[in-house]
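Trainee: Please read through the structure below; I'll follow up with questions.
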Amino acid sequence: MKNDKMKNQYRINEQIRVREVRIVGDEGSSVVPTRDALNMAREQGVDLVEISPNANPPVCRLIDYSKFLYQQKKRQKEMKAKQVKVEVKEIRFGPQTDEHDYQFKLKHAKEFLEEGNKVRAYVFFRGRSILFKEQGEVLLLRFANDLEEVGKVESMPSLEGKKMFLYLAPKKAGAAKKSQQARDREAAEAEAKEAAKGQKEVQAEEKPANGGLLANAKISADALKKLTEED
């Protein structure tokens with residue numbers, strides 16, 4: 001059934017009833033009368049296949065129709081295999097979510113984004129808690145900031161009924177922007193490593209120097225002892 005549907009998707013040979021067509025191939029393209037195109041197909045032992053009927057003139061190829069359908073089916077299969085299914089994961093907060101619960105949900109949201117899924121975080125206002133909608137907005141903005149290394153904001157917090165939504169999409173691998181806190185931490189670590197390296201270099205320089213002083217002192221003592229003995 002599926003193959004029959006694909007076969008009927010394209011017009012071929014005498015089904016193409018326009019005055020002229022554009023023939024495309026490896027050597028380029030050319031506009032020719034449809035009758036001439038059909039004669040070319042017969043001479044080559046192939047079919048005249050209309051691949052773009054809405055073009056002006058319609059675009060055709062000279063190819064065996066069975067081979068053409070096989071190529072199309074293979075191409076569709078490859079495209080389907082490359083498609084990544086993106087799911088939208090929900091994270092729910094209350095307007096007064098405690099820190100432990102916040103960190104727990106932050107961890108899960110980070111995992112969702114790293115797996116390539118989108119995240120829809122929202123604060124649900126129950127009853128009179130709608131009076132604390134500002135707290136909900138602050139919470140969602142903090143949430144977005146804490147996830148900036150792995151996610152980008154698709155839409156800022158917006159109130160829809162009793163819920164305030166924030167939408168996050170995953171960042172591409174290698175394109176995640178580091179937070180200021182992460183950059184400061186890395187800078188401090190680099191500075192500490194540089195200081196440690198400098199300290200080692202100083203110690204390395206002092207060690208031979210001290211050794212030289214001790215050696216000189218020993219030589220001087222031996223020379224003095226020798227002079228004393230001679231006297």
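Residue numbering restarts at 1 in every chain; chains get A, B, ... in the order shown in the structure tokens, and ligands count up from 1 in that same order.
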Within 12 Å of A:Phe143, counting only C-alpha atoms, which residues show up once you throw out same-chain ones fewer than 6 positions away? Write them as a PyMOL selection string, please.

Mentor: chain A and resi 91-93+97+99+102-110+119-123+136-137+149-153+156-157+165-168

Trainee: Excluding A:Ser52 and its own-chain neighbours fewer than 5 positions away, which residues fall within 10 Å of it when counting only C-alpha atoms? Please give them as a PyMOL selection string.

Mentor: chain A and resi 10-11+22+57-61

Trainee: In terms of the shortest atom-to-atom distance over only C-alpha atoms, which of A:Ile16, A:Ile63, A:Val32, A:Ile130 is closest to A:Lys163?

Mentor: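 Closest residue, counting only C-alpha atoms: A:Ile130.
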
Trainee: What residues in stretch 74-160 of chain A get the DSSP label strand (DSSP E or B)? Please answer as a list in words.

Mentor: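 Reading the DSSP output for stretch 74-160 of chain A, strand (DSSP E or B) covers Val88, Lys89, Glu90, Ile91, Arg92, Phe93, Lys118, Val119, Arg120, Ala121, Tyr122, Val123, Phe124, Gly151, Lys152, Val153, Glu154, Ser155, Met156, Pro157, Ser158, Leu159 and Glu160 of chain A.
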
Trainee: Give me the residues near A:Pro95 as a PyMOL selection string, where near means some atom within 8 Å (using only C-alpha atoms) and where sequence neighbours in that chain fewer than 4 positions away do not count.

Mentor: chain A and resi 123-125+129+132-133+135-136+139

Trainee: Write out, as a short mmCIF file (atom, residue, chain, number, x, y, z; two decimals), in the first residue's frame, the residues just selected, with N, CA and C atoms.

Mentor:
```
data_model
loop_
_atom_site.label_atom_id
_atom_site.label_comp_id
_atom_site.auth_asym_id
_atom_site.auth_seq_id
_atom_site.Cartn_x
_atom_site.Cartn_y
_atom_site.Cartn_z
N VAL A 123 5.35 27.86 37.72
CA VAL A 123 4.97 28.04 39.12
C VAL A 123 3.46 28.02 39.17
N PHE A 124 2.91 27.17 40.03
CA PHE A 124 1.45 27.06 40.15
C PHE A 124 1.00 27.84 41.38
N PHE A 125 0.11 28.78 41.16
CA PHE A 125 -0.41 29.61 42.25
C PHE A 125 -1.78 29.08 42.67
N SER A 129 -2.32 32.50 46.81
CA SER A 129 -0.88 32.56 46.54
C SER A 129 -0.56 33.35 45.27
N PHE A 132 1.58 36.33 45.32
CA PHE A 132 3.04 36.23 45.36
C PHE A 132 3.62 35.93 43.97
N LYS A 133 2.94 36.44 42.96
CA LYS A 133 3.41 36.14 41.60
C LYS A 133 4.82 36.69 41.33
N GLN A 135 7.27 36.60 43.42
CA GLN A 135 8.18 35.58 43.92
C GLN A 135 8.35 34.47 42.89
N GLY A 136 7.25 34.13 42.24
CA GLY A 136 7.30 33.10 41.21
C GLY A 136 8.17 33.52 40.05
N LEU A 139 11.81 33.32 41.05
CA LEU A 139 12.24 31.93 41.12
C LEU A 139 12.55 31.39 39.73
#
```

Trainee: Within 8 Å of A:Gly25, counting only C-alpha atoms, which residues show up once you throw out same-chain ones fewer than 3 positions away? Write them as a PyMOL selection string, please.

Mentor: chain A and resi 28-29+61-62

Trainee: Could you jot down the atom CA of A:Arg126 to atom CA of A:Arg142 separation for me, Å, one decimal place?

Mentor: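 So the answer is 21.1 Å.
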
Trainee: Quick check, in Å to one decimal: how far apart do atom CA of A:Lys67 and atom CA of A:Ile23 lie?

Mentor: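 Spanning atom CA of A:Lys67 to atom CA of A:Ile23 is a straight-line distance of 17.3 Å.
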